[in-house]
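Taking it in order: structure first as structure tokens, then the write-up.
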Amino acid sequence: MTTRHLVDPAVLPALEAFPSLRATRETLPAMRAAMDPLLKGAPVPDLPVETSEIHIPSPEGHQVRAILLRPEGLDGAVPALLHIHGGAYIIGVPEMSVPELTATAHQLGIVILSVDYRLAPEHPFPAGIEDCYTALAYLHDSAATLGVDASRIAVMGESAGGGLAASLALLARDRGDYPLAFQLLDAPMIDDRTCARPRNPVTGEFIFAPADNHFGWSCLLDAEPGGPDVSPYAAAARATQLEGLPPTLIATGALDLFLDENVDYAMRLISAGVAVELHIYPGCPHGYVIAADAPVSQRALADKRAALRRALAL
């Protein structure tokens, strides 16, 4: 069944020009090498935002690289956003999001830290989530130096980054050391069991297909996805207790492979007493925001920034 007729016409050309990952363990290194200059070469808007690369010592003894964005002229302690990039847990760098994050930092007047977590399959779970936790700890522990209000720190991620953001919120709640004020989960990749379930027939045709999902989860878990005893810190939808999580925005497309797992997670959060804002964008498969000028992409970006304004009391 093709879903081409269901796709927003303003989004369709960009989707058809963007191939599915179709990665294997053999082709992944070359794919990363080919993508790296493209991901790092996007033009950054000329705005008064200081951008610096930092390296955070981890408890495991390695350095976690991150990109720190701070608007010029901030006064007093301001909110902060920990950003986690997407890429199926296997590709991606913070630089790919810096153009949009620069505009967000400028518009909202907040500090943003985007973490370069270790990627699978070379570094399967729990490497990536522990790197994200190290970055969250840095934001809290260095709040005074950074001019950050530690009571107003949010986490945000897209796709696999959304999965890590959701798992980080669970980990932060359970460890109890570094609270989060808000989680923004943009088409989050949160349930490995989607690989083993019958597929919703209108989801998963474009950009990120079921085979890509299976490969990403296999790399992260270093095991067949959908099996028993998968940690919720790897796949947040595996969590059985969702009480005590921060207010949440979940955004997803009506044609996204992750639609069902995202809606289910939103409903379970609501049932657990968590304040949830859920957006489902019609005509949108996974990754539709690559059509950056499409009205639906602009609307989604505005919705996310508005949610951050409300959550962080800006």
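We label chains A, B, ... in the order they appear in the structure tokens, count residues from 1 in each chain, and number ligands from 1 in the order shown.
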Please build the interface table for segment 95-157 of chain A against segment 212-221 of chain A with a cut-off of 10 Å, listing for each qualifying residue the nearest atom pair and the distance in Å to one decimal; count only C-alpha atoms, order rows by chain and increasing number, and write it as a Markdown table.
| residue | atom | partner | partner_atom | distance |
| --- | --- | --- | --- | --- |
| A:Leu119 | CA | A:Leu220 | CA | 8.0 |
| A:Ala120 | CA | A:Leu220 | CA | 5.2 |
| A:Pro121 | CA | A:Cys219 | CA | 4.5 |
| A:Glu122 | CA | A:Cys219 | CA | 8.2 |
| A:His123 | CA | A:Leu220 | CA | 7.7 |
| A:Pro124 | CA | A:Leu220 | CA | 4.6 |
| A:Phe125 | CA | A:Leu220 | CA | 5.6 |
| A:Pro126 | CA | A:Leu220 | CA | 8.4 |
| A:Ala127 | CA | A:Leu220 | CA | 9.2 |
| A:Gly128 | CA | A:Leu220 | CA | 8.9 |
Take the residues from that selection and write them out as a compact mmCIF listing (two decimals), in the first residue's frame, keeping all heavy atoms.
# COMPACT_ATOMS: atom_id res chain seq x y z
N LEU A 119 27.75 6.58 19.79
CA LEU A 119 26.80 5.93 18.90
C LEU A 119 26.98 4.41 18.90
O LEU A 119 28.08 3.89 19.08
CB LEU A 119 27.00 6.44 17.47
CG LEU A 119 26.76 7.94 17.25
CD1 LEU A 119 27.14 8.32 15.82
CD2 LEU A 119 25.31 8.33 17.54
N ALA A 120 25.88 3.72 18.68
CA ALA A 120 25.90 2.28 18.42
C ALA A 120 26.23 2.07 16.94
O ALA A 120 26.05 2.98 16.13
CB ALA A 120 24.54 1.69 18.78
N PRO A 121 26.68 0.88 16.56
CA PRO A 121 26.87 -0.33 17.36
C PRO A 121 28.19 -0.40 18.11
O PRO A 121 28.37 -1.29 18.94
CB PRO A 121 26.81 -1.44 16.31
CG PRO A 121 27.37 -0.80 15.08
CD PRO A 121 26.90 0.63 15.11
N GLU A 122 29.11 0.54 17.83
CA GLU A 122 30.39 0.50 18.54
C GLU A 122 30.19 0.67 20.05
O GLU A 122 30.94 0.12 20.86
CB GLU A 122 31.31 1.59 18.02
CG GLU A 122 31.72 1.43 16.57
CD GLU A 122 30.74 2.07 15.60
OE1 GLU A 122 29.61 2.43 16.01
OE2 GLU A 122 31.10 2.24 14.43
N HIS A 123 29.18 1.46 20.39
CA HIS A 123 28.90 1.75 21.80
C HIS A 123 27.41 1.49 22.07
O HIS A 123 26.60 2.43 22.07
CB HIS A 123 29.26 3.20 22.13
CG HIS A 123 30.68 3.55 21.82
ND1 HIS A 123 31.74 3.16 22.61
CD2 HIS A 123 31.23 4.24 20.79
CE1 HIS A 123 32.87 3.61 22.10
NE2 HIS A 123 32.59 4.26 20.99
N PRO A 124 27.02 0.25 22.29
CA PRO A 124 25.61 -0.04 22.55
C PRO A 124 25.18 0.48 23.92
O PRO A 124 26.00 0.97 24.71
CB PRO A 124 25.56 -1.57 22.48
CG PRO A 124 26.94 -2.01 22.84
CD PRO A 124 27.87 -0.96 22.31
N PHE A 125 23.88 0.35 24.18
CA PHE A 125 23.33 0.72 25.48
C PHE A 125 24.16 0.07 26.60
O PHE A 125 24.54 -1.09 26.47
CB PHE A 125 21.87 0.24 25.58
CG PHE A 125 21.28 0.39 26.95
CD1 PHE A 125 20.79 1.60 27.37
CD2 PHE A 125 21.22 -0.70 27.82
CE1 PHE A 125 20.26 1.75 28.64
CE2 PHE A 125 20.69 -0.56 29.09
CZ PHE A 125 20.21 0.66 29.50
N PRO A 126 24.51 0.83 27.65
CA PRO A 126 23.99 2.16 28.04
C PRO A 126 24.90 3.33 27.72
O PRO A 126 24.78 4.39 28.35
CB PRO A 126 23.85 1.99 29.55
CG PRO A 126 25.04 1.15 29.92
CD PRO A 126 25.23 0.18 28.78
N ALA A 127 25.80 3.22 26.76
CA ALA A 127 26.79 4.28 26.53
C ALA A 127 26.13 5.62 26.23
O ALA A 127 26.46 6.65 26.83
CB ALA A 127 27.72 3.88 25.38
N GLY A 128 25.20 5.64 25.27
CA GLY A 128 24.59 6.89 24.86
C GLY A 128 23.82 7.58 25.96
O GLY A 128 23.96 8.80 26.18
Where does segment 12-108 of chain A meet segment 275-298 of chain A within 10 Å, residue by residue, with the nearest atom pair and distance in Å to one decimal for each, counting only C-alpha atoms, listed by chain and rising number, as a Markdown table?
| residue | atom | partner | partner_atom | distance |
| --- | --- | --- | --- | --- |
| A:Leu12 | CA | A:Ala291 | CA | 8.3 |
| A:Pro13 | CA | A:Ala291 | CA | 8.1 |
| A:Ala14 | CA | A:Ala291 | CA | 5.6 |
| A:Leu15 | CA | A:Tyr288 | CA | 6.9 |
| A:Phe18 | CA | A:Ile290 | CA | 8.9 |
Name the closest residue to Glu158 of chain A among the candidates A:Ile67, A:Ile250, A:Val274, A:Ile207; distances are taken between atoms, counting only C-alpha atoms.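 Among A:Ile67, A:Ile250, A:Val274, A:Ile207, it is A:Ile250 that comes nearest to Glu158 of chain A.
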List as a Markdown table every residue of segment 133-209 of chain A that is in contact with segment 20-35 of chain A, defined as an atom at most 12 Å from one of its atoms (using only C-alpha atoms), together with the nearest atom pair and the distance in Å rounded to one decimal, sorted by chain and then rising number.
| residue | atom | partner | partner_atom | distance |
| --- | --- | --- | --- | --- |
| A:Gly204 | CA | A:Ser20 | CA | 10.4 |
| A:Glu205 | CA | A:Ser20 | CA | 9.2 |
| A:Phe206 | CA | A:Ser20 | CA | 7.1 |
| A:Ile207 | CA | A:Ser20 | CA | 4.6 |
| A:Phe208 | CA | A:Ser20 | CA | 5.8 |
| A:Ala209 | CA | A:Ser20 | CA | 6.8 |
Quick check for you: according to DSSP on this backbone, which residues of segment 84-285 of chain A are classed as strand (DSSP E)? Reply as a PyMOL selection string. chain A and resi 84+111-116+148-158+182-186+248-253+276-281
Using only C-alpha atoms, which protein or nucleic acid residues come within 8 Å of Val78 of chain A? Drop anything in the same chain fewer than 6 positions from it, and give the result as a list in words.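 Answer for this query is Gly109, Ile110, Val111, Gly147, Val148, Asp149 and Arg152 of chain A.
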Can you work out which one of A:Ala313, A:Ile129, A:Leu139, A:Val263 has the shortest atom-to-atom distance to Ala235 of chain A, counting only C-alpha atoms?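 The answer is A:Ile129, which sits nearest to Ala235 of chain A.
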